[in-house]
file run_32.cif (mmCIF, C-alpha atoms)
data_protein
loop_
_atom_site.label_atom_id
_atom_site.label_comp_id
_atom_site.auth_asym_id
_atom_site.auth_seq_id
_atom_site.Cartn_x
_atom_site.Cartn_y
_atom_site.Cartn_z
CA MET A 8 39.84 11.35 -36.40
CA GLU A 9 37.86 13.86 -34.37
CA LYS A 10 37.56 13.06 -30.67
CA LYS A 11 34.04 12.94 -29.31
CA SER A 12 33.22 16.00 -27.22
CA SER A 13 29.94 14.84 -25.64
CA SER A 14 28.82 11.63 -23.96
CA TYR A 15 25.62 11.45 -25.99
CA LEU A 16 27.43 11.06 -29.32
CA PRO A 17 27.34 7.51 -30.74
CA ASP A 18 30.40 5.32 -31.33
CA CYS A 19 30.13 5.75 -35.09
CA TRP A 20 30.66 9.52 -34.74
CA ASP A 21 34.34 9.09 -35.66
CA ASP A 22 33.52 7.04 -38.78
CA ASP A 23 33.70 9.54 -41.66
CA GLU A 24 32.04 7.25 -44.18
CA ARG A 25 29.16 6.34 -41.89
CA MET A 26 28.60 9.92 -40.72
CA GLY A 27 28.81 11.22 -44.27
CA TYR A 28 25.85 9.02 -45.14
CA LEU A 29 23.90 10.03 -42.00
CA PHE A 30 24.62 13.75 -42.52
CA SER A 31 23.20 13.69 -46.02
CA GLY A 32 19.62 14.70 -46.71
CA PHE A 33 16.71 12.36 -47.33
CA ARG A 34 16.12 11.01 -50.81
CA ALA A 35 13.44 12.67 -52.85
CA ASN A 36 11.40 9.45 -52.95
CA ARG A 37 11.29 7.05 -50.00
CA GLN A 38 9.95 4.22 -52.15
CA VAL A 39 13.37 3.90 -53.80
CA ASN A 40 14.94 2.62 -50.56
CA PRO A 41 12.49 2.52 -47.62
CA ARG A 42 14.97 0.85 -45.27
CA ASP A 43 17.48 3.63 -45.86
CA TRP A 44 14.88 6.25 -44.90
CA ASP A 45 13.73 4.39 -41.80
CA ASN A 46 17.25 3.69 -40.46
CA LYS A 47 18.36 7.29 -40.91
CA LEU A 48 15.23 8.64 -39.19
CA LYS A 49 15.59 6.16 -36.32
CA PHE A 50 19.22 7.13 -35.77
CA TRP A 51 18.51 10.88 -35.50
CA THR A 52 15.30 10.42 -33.50
CA GLU A 53 17.07 8.38 -30.84
CA LEU A 54 20.01 10.80 -30.80
CA VAL A 55 17.74 13.83 -30.27
CA VAL A 56 16.05 12.17 -27.28
CA LYS A 57 19.42 11.06 -25.88
CA VAL A 58 20.75 14.62 -26.05
CA GLY A 59 17.82 15.94 -24.04
CA ARG A 60 18.02 13.11 -21.47
CA THR A 61 21.77 13.58 -20.99
CA GLU A 62 21.66 17.36 -20.67
CA HIS A 63 18.32 17.46 -18.75
CA GLN A 64 16.87 19.75 -21.38
CA PHE A 65 14.05 18.66 -23.66
CA ILE A 66 13.23 21.84 -25.58
CA PHE A 67 14.75 21.83 -29.06
CA SER A 68 14.86 23.89 -32.23
CA VAL A 69 16.41 23.12 -35.57
CA ASP A 70 19.15 25.69 -34.93
CA SER A 71 20.02 24.29 -31.47
CA LEU A 72 20.23 20.75 -32.85
CA LEU A 73 22.44 21.85 -35.73
CA THR A 74 24.79 23.45 -33.21
CA LYS A 75 24.94 20.30 -31.09
CA PHE A 76 25.52 17.98 -34.03
CA GLU A 77 28.10 20.02 -35.93
CA ARG A 78 30.99 17.76 -36.96
CA LYS A 79 34.24 19.00 -38.47
CA GLY A 80 32.50 22.17 -39.57
CA VAL A 81 29.74 20.21 -41.34
CA LEU A 82 26.06 20.43 -40.37
CA PRO A 83 23.61 17.55 -40.86
CA GLN A 84 21.37 18.25 -43.83
CA CYS A 85 18.51 16.04 -42.62
CA ILE A 86 17.74 17.65 -39.23
CA ASP A 87 14.95 19.83 -40.56
CA GLY A 88 13.16 16.82 -42.02
CA VAL A 89 13.73 14.79 -38.83
CA VAL A 90 12.19 17.52 -36.65
CA LYS A 91 9.17 17.85 -38.91
CA GLU A 92 8.55 14.10 -38.95
CA MET A 93 8.94 13.84 -35.16
CA HIS A 94 6.43 16.66 -34.80
CA ARG A 95 3.99 14.93 -37.14
CA ASN A 96 4.25 11.68 -35.11
CA GLY A 97 3.70 13.45 -31.78
CA GLN A 98 7.26 12.90 -30.57
CA LEU A 99 7.87 16.64 -30.62
CA ILE A 100 5.25 19.27 -29.75
CA ARG A 101 5.44 22.99 -30.36
CA VAL A 102 6.03 24.92 -27.16
CA ASP A 103 3.69 27.68 -28.34
CA ASP A 104 0.89 25.14 -28.80
CA LEU A 105 1.33 23.90 -25.25
CA LYS A 106 1.25 27.37 -23.76
CA ALA A 107 -1.72 28.53 -25.83
CA ASP A 108 -3.95 25.52 -25.16
CA SER A 109 -4.93 25.50 -21.50
CA ALA A 110 -7.96 23.13 -21.49
CA TRP A 111 -7.74 20.15 -19.16
CA LEU A 112 -6.50 16.98 -20.82
CA SER A 113 -6.61 18.53 -24.28
CA TRP A 114 -3.03 17.51 -24.56
CA GLY A 115 -1.82 14.51 -22.63
CA VAL A 116 -0.58 10.98 -22.76
CA ASN A 117 -2.59 10.01 -25.82
CA THR A 118 -0.69 12.47 -27.98
CA PHE A 119 2.56 10.77 -26.96
CA ILE A 120 1.69 7.53 -28.72
CA ARG A 121 3.55 7.30 -31.96
CA ARG A 122 1.34 7.11 -34.98
CA PRO A 123 2.19 4.67 -37.80
CA LEU A 124 4.86 6.02 -40.11
CA ARG A 125 3.36 7.20 -43.37
CA TRP A 126 6.23 8.42 -45.41
CA THR A 127 5.47 10.88 -48.13
CA MET A 128 7.32 13.82 -49.49
CA THR A 129 4.72 16.23 -48.16
CA SER A 130 4.92 14.79 -44.64
CA VAL A 131 8.68 15.12 -44.43
CA PHE A 132 8.93 18.41 -46.28
CA PRO A 133 5.55 20.11 -45.96
CA ARG A 134 4.77 23.33 -47.69
CA GLY A 135 5.70 26.52 -45.92
CA ASP A 136 8.77 25.41 -43.89
CA ALA A 137 8.64 26.67 -40.31
CA SER A 138 11.36 28.85 -38.92
CA SER A 139 14.45 27.05 -37.73
CA GLN A 140 14.07 28.84 -34.39
CA VAL A 141 10.68 27.36 -33.52
CA GLU A 142 10.97 25.47 -30.21
CA TYR A 143 9.72 21.96 -29.71
CA VAL A 144 9.43 19.84 -26.59
CA SER A 145 10.15 16.12 -26.49
CA ALA A 146 6.99 14.32 -25.35
CA GLU A 147 8.93 11.29 -24.13
CA LEU A 148 11.30 13.34 -21.99
CA LEU A 149 8.42 15.45 -20.72
CA LYS A 150 6.69 12.33 -19.40
CA GLU A 151 9.88 11.07 -17.78
CA CYS A 152 10.57 14.39 -16.09
CA SER A 153 6.97 14.70 -14.88
CA ALA A 154 7.20 11.30 -13.20
CA ALA A 155 10.51 12.34 -11.64
CA PHE A 156 8.89 15.53 -10.28
CA LEU A 157 6.14 13.56 -8.58
CA GLU A 158 8.60 11.06 -7.14
CA ARG A 159 10.81 13.86 -5.83
CA HIS A 160 7.87 15.51 -4.09
CA HIS A 161 6.43 12.34 -2.52
CA GLN A 162 9.85 11.42 -1.15
CA SER A 163 9.95 14.73 0.74
CA VAL A 164 6.45 14.38 2.24
CA GLN A 165 6.53 13.68 5.97
CA CYS A 166 2.98 14.72 6.83
CA ALA A 167 0.25 14.29 4.22
CA SER A 168 -1.94 16.98 5.74
CA THR A 169 0.70 19.74 5.62
CA ASP A 170 3.40 18.88 3.04
CA HIS A 171 1.46 18.70 -0.25
CA VAL A 172 1.45 22.49 -0.69
CA VAL A 173 4.92 23.81 -1.53
CA ASP A 174 6.44 27.09 -2.59
CA TYR A 175 7.19 27.39 -6.31
CA ALA A 176 10.73 28.74 -5.80
CA THR A 177 11.51 26.08 -3.20
CA PHE A 178 10.41 23.26 -5.47
CA ARG A 179 12.26 24.77 -8.41
CA GLU A 180 15.45 24.66 -6.39
CA ALA A 181 14.77 21.08 -5.32
CA CYS A 182 14.39 19.99 -8.98
CA ALA A 183 17.34 21.90 -10.40
CA ASP A 184 19.09 18.65 -11.30
CA LEU A 185 16.04 17.46 -13.26
CA CYS A 186 15.48 20.64 -15.30
CA ARG A 187 18.31 23.03 -16.02
CA ASP A 188 16.24 25.85 -17.50
CA GLN A 189 13.14 27.66 -16.32
CA SER A 190 11.16 27.02 -19.50
CA SER A 191 11.50 23.24 -19.18
CA PHE A 192 10.47 23.41 -15.52
CA ASP A 193 7.33 25.38 -16.36
CA LEU A 194 6.39 22.98 -19.15
CA VAL A 195 6.64 20.04 -16.78
CA LEU A 196 4.36 21.82 -14.32
CA LEU A 197 1.95 22.60 -17.14
CA HIS A 198 1.86 18.94 -18.14
CA LEU A 199 1.27 17.81 -14.54
CA GLN A 200 -1.46 20.40 -14.11
CA ARG A 201 -3.28 19.22 -17.21
CA LYS A 202 -3.12 15.68 -15.88
CA LYS A 203 -4.64 17.04 -12.63
CA ASP A 204 -1.67 15.85 -10.61
CA ILE A 205 -0.86 19.38 -9.40
CA LEU A 206 -2.47 22.79 -9.13
CA VAL A 207 -0.40 25.93 -9.68
CA THR A 208 -1.83 29.12 -8.19
CA THR A 209 -0.74 32.36 -6.52
CA ASN A 210 -1.26 33.62 -3.00
CA GLU A 211 -0.41 37.23 -2.12
CA GLY A 212 1.81 37.50 -5.17
CA THR A 213 3.67 34.26 -4.46
CA LYS A 214 3.31 31.26 -6.75
CA ILE A 215 2.56 27.99 -4.97
CA ILE A 216 2.08 24.38 -6.06
CA LYS A 217 -0.29 21.83 -4.59
CA PHE A 218 0.28 18.13 -5.33
CA ALA A 219 -2.34 15.43 -5.25
CA SER A 220 -1.88 12.78 -2.59
CA LYS A 221 -1.01 9.26 -3.63
CA GLY A 222 -4.16 7.44 -4.59
CA GLU A 223 -6.09 10.60 -5.48
CA LYS A 224 -7.38 10.81 -9.03
CA ALA A 225 -7.21 14.61 -9.10
CA VAL A 226 -5.75 17.37 -6.99
CA THR A 227 -8.17 19.32 -4.78
CA PRO A 228 -8.31 23.12 -4.44
CA VAL A 229 -6.02 24.81 -1.94
CA THR A 230 -7.71 25.43 1.41
CA ALA A 231 -7.19 28.26 3.88
CA ALA A 232 -5.70 25.81 6.38
CA GLU A 233 -3.12 24.68 3.82
CA LEU A 234 -2.19 28.27 3.06
CA GLY A 235 -1.75 28.94 6.76
CA THR A 236 0.41 25.84 7.13
CA LEU A 237 2.55 26.90 4.18
CA ALA A 238 2.98 30.38 5.68
CA LEU A 239 4.03 28.79 8.96
CA LYS A 240 6.63 26.65 7.20
CA LYS A 241 8.00 29.66 5.32
CA THR A 242 8.24 31.62 8.59
CA ILE A 243 10.12 28.77 10.22
CA ASP A 244 12.54 28.59 7.29
CA THR A 245 13.08 32.35 7.43
CA MET A 246 13.77 32.27 11.17
CA GLN A 247 16.19 29.39 10.76
CA ARG A 248 18.14 31.40 8.21
CA THR A 249 18.02 34.40 10.57
CA ILE A 250 19.47 32.27 13.37
CA GLU A 251 22.27 31.10 11.10
CA ARG A 252 23.02 34.70 10.12
CA LEU A 253 22.99 35.92 13.74
CA THR A 254 25.23 33.04 14.83
CA ALA A 255 27.75 33.92 12.12
CA ASN A 256 27.50 37.62 13.08
CA ILE A 257 28.19 36.84 16.75
CA GLN A 258 31.23 34.82 15.83
CA GLN A 259 32.45 37.68 13.62
CA GLN A 260 31.89 40.29 16.38
CA ASP A 261 33.69 38.12 18.89
CA LYS A 262 36.62 37.73 16.54
CA GLU A 263 36.68 41.48 15.84
CA THR A 264 36.55 42.30 19.57
CA LYS A 265 39.61 40.16 20.26
CA GLN A 266 41.50 41.74 17.38
CA LEU A 267 40.69 45.26 18.60
CA LEU A 268 41.78 44.39 22.13
CA HIS A 269 44.99 42.94 20.76
CA LYS A 270 45.62 46.23 18.97
CA GLY A 271 44.82 48.22 22.14
CA MET A 272 41.67 49.81 20.72
CA LYS A 273 39.49 49.37 23.80
CA SER A 274 36.78 51.83 22.71
CA SER A 275 36.24 50.08 19.37
CA ALA A 276 36.43 46.73 21.10
CA LYS A 277 33.75 47.85 23.52
CA THR A 278 31.52 48.89 20.63
CA ALA A 279 32.05 45.52 18.92
CA LEU A 280 31.27 43.76 22.18
CA ARG A 281 28.04 45.76 22.53
CA ARG A 282 26.98 44.69 19.02
CA LYS A 283 27.76 41.12 19.96
CA LYS A 284 25.53 41.34 23.05
CA LEU A 285 22.68 42.77 21.00
CA CYS A 286 23.02 39.98 18.48
CA GLN A 287 23.03 37.40 21.28
CA LYS A 288 19.86 38.86 22.77
CA ARG A 289 18.16 38.89 19.40
CA LEU A 290 19.35 35.34 18.81
CA GLU A 291 17.82 34.18 22.08
CA ASN A 292 14.47 35.80 21.24
CA THR A 293 14.50 34.32 17.76
CA GLU A 294 15.33 30.85 19.06
CA THR A 295 12.48 31.08 21.59
CA THR A 296 10.01 32.12 18.89
CA LEU A 297 11.30 29.42 16.55
CA ASP A 298 10.88 26.79 19.25
CA THR A 299 7.25 27.86 19.74
CA LEU A 300 6.55 27.76 16.00
CA GLN A 301 8.16 24.35 15.66
CA GLN A 302 6.03 23.02 18.50
CA LEU A 303 2.98 24.37 16.70
CA GLN A 304 4.12 22.71 13.48
CA ASP A 305 4.66 19.42 15.29
CA ARG A 306 1.19 19.71 16.77
CA LEU A 307 -0.27 20.22 13.29
CA GLN A 308 1.58 17.19 11.98
CA SER A 309 0.54 15.05 14.95
CA SER A 310 -3.08 15.97 14.26
CA GLU A 311 -2.89 13.73 11.19
CA SER A 312 -2.08 10.73 13.40
CA GLU A 313 -4.87 11.69 15.75
CA LYS A 314 -7.25 11.89 12.83
CA MET A 315 -6.17 8.44 11.69
CA ILE A 316 -6.81 7.09 15.19
CA MET A 317 -10.20 8.77 15.32
CA ASP A 318 -11.10 7.36 11.90
CA ALA A 319 -10.03 3.91 13.06
CA PHE A 320 -12.21 4.20 16.16
CA LYS A 321 -15.12 5.40 14.08
CA THR A 322 -14.74 2.56 11.58
CA GLY A 323 -14.44 -0.03 14.34
CA ALA A 324 -17.49 1.34 16.17
CA GLN A 325 -19.56 1.27 12.98
CA ALA A 326 -18.48 -2.30 12.22
CA LEU A 327 -19.30 -3.44 15.77
CA ARG A 328 -22.66 -1.67 15.71
CA LYS A 329 -23.55 -3.31 12.40
CA THR A 330 -22.53 -6.73 13.74
CA LEU A 331 -24.71 -6.29 16.83
CA ASP A 332 -27.63 -5.09 14.75
CA ASP A 333 -27.29 -7.94 12.24
CA ASN A 334 -27.34 -10.47 15.09
CA GLY A 335 -30.10 -8.72 17.03
CA LEU A 336 -27.84 -8.04 20.03
CA THR A 337 -29.52 -5.11 21.80
CA PRO A 338 -30.06 -4.41 25.51
CA GLU A 339 -33.82 -4.75 25.05
CA ALA A 340 -33.47 -8.08 23.26
CA MET A 341 -31.06 -9.33 25.94
CA ASP A 342 -33.45 -8.36 28.77
CA GLU A 343 -36.33 -10.03 26.98
CA THR A 344 -34.32 -13.21 26.47
CA ILE A 345 -33.29 -13.36 30.14
CA SER A 346 -36.90 -12.81 31.22
CA ASP A 347 -38.00 -15.66 28.95
CA VAL A 348 -35.36 -17.97 30.46
CA GLN A 349 -36.48 -17.09 34.01
CA GLU A 350 -40.11 -17.70 33.10
CA VAL A 351 -39.30 -21.11 31.57
CA MET A 352 -37.27 -22.16 34.64
CA GLU A 353 -40.10 -21.17 36.94
CA MET A 354 -42.49 -23.20 34.79
CA CYS A 355 -40.17 -26.23 35.03
CA ASN A 356 -40.06 -25.92 38.84
CA GLU A 357 -43.82 -25.75 38.97
CA LEU A 358 -44.07 -28.87 36.81
CA ASP A 359 -41.69 -30.75 39.14
CA ASP A 360 -43.70 -29.73 42.22
CA THR A 361 -46.98 -30.73 40.57
CA LEU A 362 -45.54 -34.13 39.57
CA ALA A 363 -44.27 -34.83 43.08
CA GLN A 364 -47.57 -33.90 44.69
CA GLY A 365 -49.45 -36.02 42.16
CA ASN A 366 -47.33 -39.10 42.90
CA LYS A 367 -47.90 -38.67 46.63
CA ALA A 368 -51.61 -38.33 46.15
CA ILE A 369 -51.72 -41.49 44.02
CA ASP A 370 -49.82 -43.46 46.69
CA GLU A 371 -52.18 -42.33 49.36
CA THR A 372 -55.31 -43.02 47.29
CA VAL A 373 -54.47 -46.34 45.62
CA ASN A 374 -52.03 -47.86 48.17
CA PHE A 375 -51.53 -50.71 45.66
CA GLY A 376 -55.03 -52.33 46.49
CA ALA A 377 -54.35 -53.24 50.20
CA ASN A 378 -54.94 -51.61 53.54
CA VAL A 379 -51.45 -51.91 54.90
CA ASP A 380 -50.22 -49.94 57.81
CA VAL A 381 -47.05 -48.18 56.91
CA ASP A 382 -45.76 -48.41 60.45
CA ASP A 383 -46.15 -52.22 60.42
CA LEU A 384 -44.17 -52.39 57.16
CA ASP A 385 -41.38 -50.38 58.64
CA SER A 386 -41.24 -52.63 61.76
CA GLU A 387 -41.16 -55.80 59.67
CA LEU A 388 -38.36 -54.44 57.49
CA GLU A 389 -36.33 -53.66 60.60
CA ALA A 390 -36.94 -57.19 61.94
CA LEU A 391 -35.76 -58.73 58.67
CA LEU A 392 -32.61 -56.63 58.83
CA ARG A 393 -31.94 -57.97 62.38
CA GLY A 394 -32.58 -61.62 61.35
CA ASP A 395 -35.72 -62.03 63.51
CA GLY A 396 -39.25 -63.06 62.76
CA GLU A 397 -40.36 -65.43 60.00
CA LEU A 398 -36.99 -65.29 58.15
CA SER A 399 -35.28 -66.97 61.17
CA THR A 400 -37.94 -69.67 61.42
CA THR A 401 -37.48 -70.75 57.80
CA LEU A 402 -33.79 -71.31 58.42
CA GLN A 403 -34.32 -73.67 61.49
CA GLY A 404 -36.01 -76.78 59.84
CA PRO A 405 -37.52 -78.17 56.66
CA THR A 406 -41.07 -77.52 55.77
CA GLU A 407 -43.55 -79.57 53.79
CA GLY A 408 -42.26 -78.10 50.63
CA ASP A 409 -38.76 -79.07 51.66
CA ALA A 410 -39.80 -82.78 52.19
CA HIS A 411 -41.25 -82.91 48.72
CA THR A 412 -38.04 -81.56 47.32
CA SER A 413 -36.04 -84.19 49.26
CA GLY A 414 -38.16 -87.00 47.83
CA GLU A 415 -37.49 -85.88 44.37
CA ARG A 416 -33.78 -85.76 45.18
CA ASP A 417 -33.82 -89.53 46.25
CA ILE A 418 -35.44 -90.67 42.97
CA LEU A 419 -32.80 -88.93 40.95
CA SER A 420 -30.04 -90.63 42.90
CA GLU A 421 -31.27 -94.13 41.79
CA LEU A 422 -30.98 -93.38 38.10
CA PRO A 423 -27.85 -94.69 36.17
CA LYS A 424 -24.91 -92.43 35.89
CA VAL A 425 -24.38 -90.32 32.87
CA PRO A 426 -21.77 -91.91 30.53
CA THR A 427 -18.47 -90.08 30.38
CA HIS A 428 -17.07 -91.50 27.07
CA LYS A 429 -18.07 -90.45 23.58
CA PRO A 430 -20.18 -93.03 21.65
CA ALA A 431 -18.52 -94.60 18.62
CA SER A 432 -19.62 -93.65 15.13
CA PRO A 433 -21.57 -96.25 12.98
CA GLN A 434 -18.65 -96.70 10.59
CA THR A 435 -16.25 -97.56 13.42
CA SER A 436 -18.73 -100.10 14.89
CA GLU A 437 -18.99 -101.94 11.57
CA GLN A 438 -15.21 -102.18 11.32
CA ASP A 439 -14.98 -103.59 14.85
CA ALA A 440 -17.70 -106.17 14.02
CA SER A 441 -15.80 -107.28 10.92
CA ILE A 442 -12.64 -107.75 12.92
CA ARG A 443 -14.46 -109.91 15.52
CA ARG A 444 -15.94 -112.14 12.82
CA VAL A 445 -12.54 -112.71 11.34
CA GLN A 446 -11.17 -113.61 14.72
CA LEU A 447 -13.99 -116.10 15.37
CA ALA A 448 -13.40 -117.71 11.99
CA LEU A 449 -9.79 -118.30 12.87
#

call {"tool": "encode", "arguments": {"input": "run_32.cif", "output": "structure tokens"}}
result
Amino acid sequence: MEKKSSSYLPDCWDDDERMGYLFSGFRANRQVNPRDWDNKLKFWTELVVKVGRTEHQFIFSVDSLLTKFERKGVLPQCIDGVVKEMHRNGQLIRVDDLKADSAWLSWGVNTFIRRPLRWTMTSVFPRGDASSQVEYVSAELLKECSAAFLERHHQSVQCASTDHVVDYATFREACADLCRDQSSFDLVLLHLQRKKDILVTTNEGTKIIKFASKGEKAVTPVTAAELGTLALKKTIDTMQRTIERLTANIQQQDKETKQLLHKGMKSSAKTALRRKKLCQKRLENTETTLDTLQQLQDRLQSSESEKMIMDAFKTGAQALRKTLDDNGLTPEAMDETISDVQEVMEMCNELDDTLAQGNKAIDETVNFGANVDVDDLDSELEALLRGDGELSTTLQGPTEGDAHTSGERDILSELPKVPTHKPASPQTSEQDASIRRVQLAL
């Protein structure tokens, strides 16, 4: 039994009988055994996609697949038909067709949907067989890799206003584990560009990529500010590499100086020491410049937060202004309202004064129908409070009215007293009468 050499090979790869059936070509007529056709096509279709996913390479040709699937010196006879059927269903797309057609959205997700299988001899083996070296791209793997590209970029974004424009070579290096070859990488970018998720352009002979922010339906053109920010980032990266190189050079010169001194070569050691000093001076200047550039970069990144704060203030001010306007809360309206309140209070005070003066005038005019001196009333009230005057006289002896009341009191005293017991009911009286009659009879 042959040992499997690749992780993408299925478990049945060591089964000679099973693989002999799968390596054979398709029958001339599918109607003879439709299930046999469908199972064989499904097996090879899934295996082709698995190969590309495992090896991070989704560009195929008939020749490359034959090389990958060679078993004990035998090549599968059905690969050519499998590739043609996958191409007809939209699972594989010609690389030349993708590169030639550059219209937006002319090729996209809709072409990835598998059409219903319509098996005919002409669909599996069309006239004029294409060359076995024609390259195809797996639509399924292309979608997966495109999503991985976007995820990889958004994970590296720290500042939305400066980090969405990246250098082509830098991003290619960051996605080396997702695409092993340059052609696959370019096809993924082409797919993302046609979906308007990215924009690939050149600036001063350098290829750059701009990604759409999360939530944006389409990427926007590259601005001059973004190009300046990208140039600043590239300069910072270059200076950081220069600092690393100078640091390593200083260490090397220091090591060489010690070795020359150990050998007694003072003149050469002095020359090495001079080179070391020059490198140290250059390193100090570079570090100073790098610190300034990094401060500028930090200031650019902080401007995004400041913009967010400003937008929040603007939104809050607009909301507050609308609330005040909807409720009619303006300085003019407030002044008018306060003036109205003051006017009403003054009117109420005037009404109270008018009412008090009217009552006083009525008292003085009417005086309740009698000419009574107010001073005499006050004197009499004081006398009553002291117990003098007529009130004292009424308390000393009875008057005529009192004698009349006494006479009435004597007449009442001669009347019989009010009974204190409850009168008996008629039924009880009859019973008592019956008892007395019986007693008399005895």

call {"tool": "closest_residue", "arguments": {"input": "run_32.cif", "among": "A:Leu392, A:Leu185, A:Ile66, A:Met246", "to": "Tyr143 in chain A", "atoms": "only C-alpha atoms"}}
result
A:Ile66

call {"tool": "resolve_selection", "arguments": {"input": "run_32.cif", "expression": "the PyMOL selection byres ((chain A and resi 70) around 12)", "output": "VMD selection string"}}
result
chain A and resid 66 to 69 71 to 77 82 to 84 86 to 87 90 137 to 143

call {"tool": "write_last_selection", "arguments": {"input": "run_32.cif", "atoms": "C-alpha atoms", "output": "PDB file, in the frame of the given file"}}
result
ATOM      1  CA  ILE A  66      13.230  21.840 -25.580  1.00  0.00           C
ATOM      2  CA  PHE A  67      14.750  21.830 -29.060  1.00  0.00           C
ATOM      3  CA  SER A  68      14.860  23.890 -32.230  1.00  0.00           C
ATOM      4  CA  VAL A  69      16.410  23.120 -35.570  1.00  0.00           C
ATOM      5  CA  SER A  71      20.020  24.290 -31.470  1.00  0.00           C
ATOM      6  CA  LEU A  72      20.230  20.750 -32.850  1.00  0.00           C
ATOM      7  CA  LEU A  73      22.440  21.850 -35.730  1.00  0.00           C
ATOM      8  CA  THR A  74      24.790  23.450 -33.210  1.00  0.00           C
ATOM      9  CA  LYS A  75      24.940  20.300 -31.090  1.00  0.00           C
ATOM     10  CA  PHE A  76      25.520  17.980 -34.030  1.00  0.00           C
ATOM     11  CA  GLU A  77      28.100  20.020 -35.930  1.00  0.00           C
ATOM     12  CA  LEU A  82      26.060  20.430 -40.370  1.00  0.00           C
ATOM     13  CA  PRO A  83      23.610  17.550 -40.860  1.00  0.00           C
ATOM     14  CA  GLN A  84      21.370  18.250 -43.830  1.00  0.00           C
ATOM     15  CA  ILE A  86      17.740  17.650 -39.230  1.00  0.00           C
ATOM     16  CA  ASP A  87      14.950  19.830 -40.560  1.00  0.00           C
ATOM     17  CA  VAL A  90      12.190  17.520 -36.650  1.00  0.00           C
ATOM     18  CA  ALA A 137       8.640  26.670 -40.310  1.00  0.00           C
ATOM     19  CA  SER A 138      11.360  28.850 -38.920  1.00  0.00           C
ATOM     20  CA  SER A 139      14.450  27.050 -37.730  1.00  0.00           C
ATOM     21  CA  GLN A 140      14.070  28.840 -34.390  1.00  0.00           C
ATOM     22  CA  VAL A 141      10.680  27.360 -33.520  1.00  0.00           C
ATOM     23  CA  GLU A 142      10.970  25.470 -30.210  1.00  0.00           C
ATOM     24  CA  TYR A 143       9.720  21.960 -29.710  1.00  0.00           C
TER      25      TYR A 143
END

call {"tool": "closest_residue", "arguments": {"input": "run_32.cif", "among": "A:Val348, A:Thr293, A:Leu391, A:Ile215", "to": "Glu251 in chain A", "atoms": "only C-alpha atoms"}}
result
A:Thr293

call {"tool": "closest_residue", "arguments": {"input": "run_32.cif", "among": "A:Asp22, A:Glu350, A:Asp332, A:Glu62", "to": "Ser191 in chain A", "atoms": "all atoms listed in the file"}}
result
A:Glu62

call {"tool": "resolve_selection", "arguments": {"input": "run_32.cif", "expression": "the PyMOL selection byres ((chain A and resi 300) around 12)", "output": "PyMOL selection string"}}
result
chain A and resi 236+238-247+293-299+301-307

call {"tool": "resolve_selection", "arguments": {"input": "run_32.cif", "expression": "the PyMOL selection byres ((chain A and resi 146) around 6)", "output": "PDB file with C-alpha atoms, keeping the file's coordinate frame"}}
result
ATOM      1  CA  GLN A  98       7.260  12.900 -30.570  1.00  0.00           C
ATOM      2  CA  LEU A  99       7.870  16.640 -30.620  1.00  0.00           C
ATOM      3  CA  PHE A 119       2.560  10.770 -26.960  1.00  0.00           C
ATOM      4  CA  SER A 145      10.150  16.120 -26.490  1.00  0.00           C
ATOM      5  CA  GLU A 147       8.930  11.290 -24.130  1.00  0.00           C
ATOM      6  CA  LEU A 148      11.300  13.340 -21.990  1.00  0.00           C
ATOM      7  CA  LEU A 149       8.420  15.450 -20.720  1.00  0.00           C
TER       8      LEU A 149
END

call {"tool": "residues_around", "arguments": {"input": "run_32.cif", "residues": "Val172 in chain A", "least_positions_apart": "3", "cutoff": "10 Å", "atoms": "only C-alpha atoms", "output": "PDB file with C-alpha atoms, in the coordinates of the input"}}
result
ATOM      1  CA  VAL A 164       6.450  14.380   2.240  1.00  0.00           C
ATOM      2  CA  ALA A 167       0.250  14.290   4.220  1.00  0.00           C
ATOM      3  CA  SER A 168      -1.940  16.980   5.740  1.00  0.00           C
ATOM      4  CA  THR A 169       0.700  19.740   5.620  1.00  0.00           C
ATOM      5  CA  TYR A 175       7.190  27.390  -6.310  1.00  0.00           C
ATOM      6  CA  ILE A 205      -0.860  19.380  -9.400  1.00  0.00           C
ATOM      7  CA  LEU A 206      -2.470  22.790  -9.130  1.00  0.00           C
ATOM      8  CA  VAL A 207      -0.400  25.930  -9.680  1.00  0.00           C
ATOM      9  CA  ILE A 215       2.560  27.990  -4.970  1.00  0.00           C
ATOM     10  CA  ILE A 216       2.080  24.380  -6.060  1.00  0.00           C
ATOM     11  CA  LYS A 217      -0.290  21.830  -4.590  1.00  0.00           C
ATOM     12  CA  PHE A 218       0.280  18.130  -5.330  1.00  0.00           C
ATOM     13  CA  ALA A 219      -2.340  15.430  -5.250  1.00  0.00           C
ATOM     14  CA  VAL A 229      -6.020  24.810  -1.940  1.00  0.00           C
ATOM     15  CA  THR A 230      -7.710  25.430   1.410  1.00  0.00           C
ATOM     16  CA  GLU A 233      -3.120  24.680   3.820  1.00  0.00           C
ATOM     17  CA  LEU A 234      -2.190  28.270   3.060  1.00  0.00           C
ATOM     18  CA  THR A 236       0.410  25.840   7.130  1.00  0.00           C
ATOM     19  CA  LEU A 237       2.550  26.900   4.180  1.00  0.00           C
TER      20      LEU A 237
END

call {"tool": "residues_near_point", "arguments": {"input": "run_32.cif", "point": "(14.2, 12.4, -24.6)", "cutoff": "9 Å", "atoms": "all atoms listed in the file", "output": "list in words"}}
result
Glu53, Leu54, Val55, Val56, Lys57, Val58, Gly59, Arg60, Thr61, His63, Gln64, Phe65, Ser145, Ala146, Glu147, Leu148, Leu149 and Glu151 of chain A
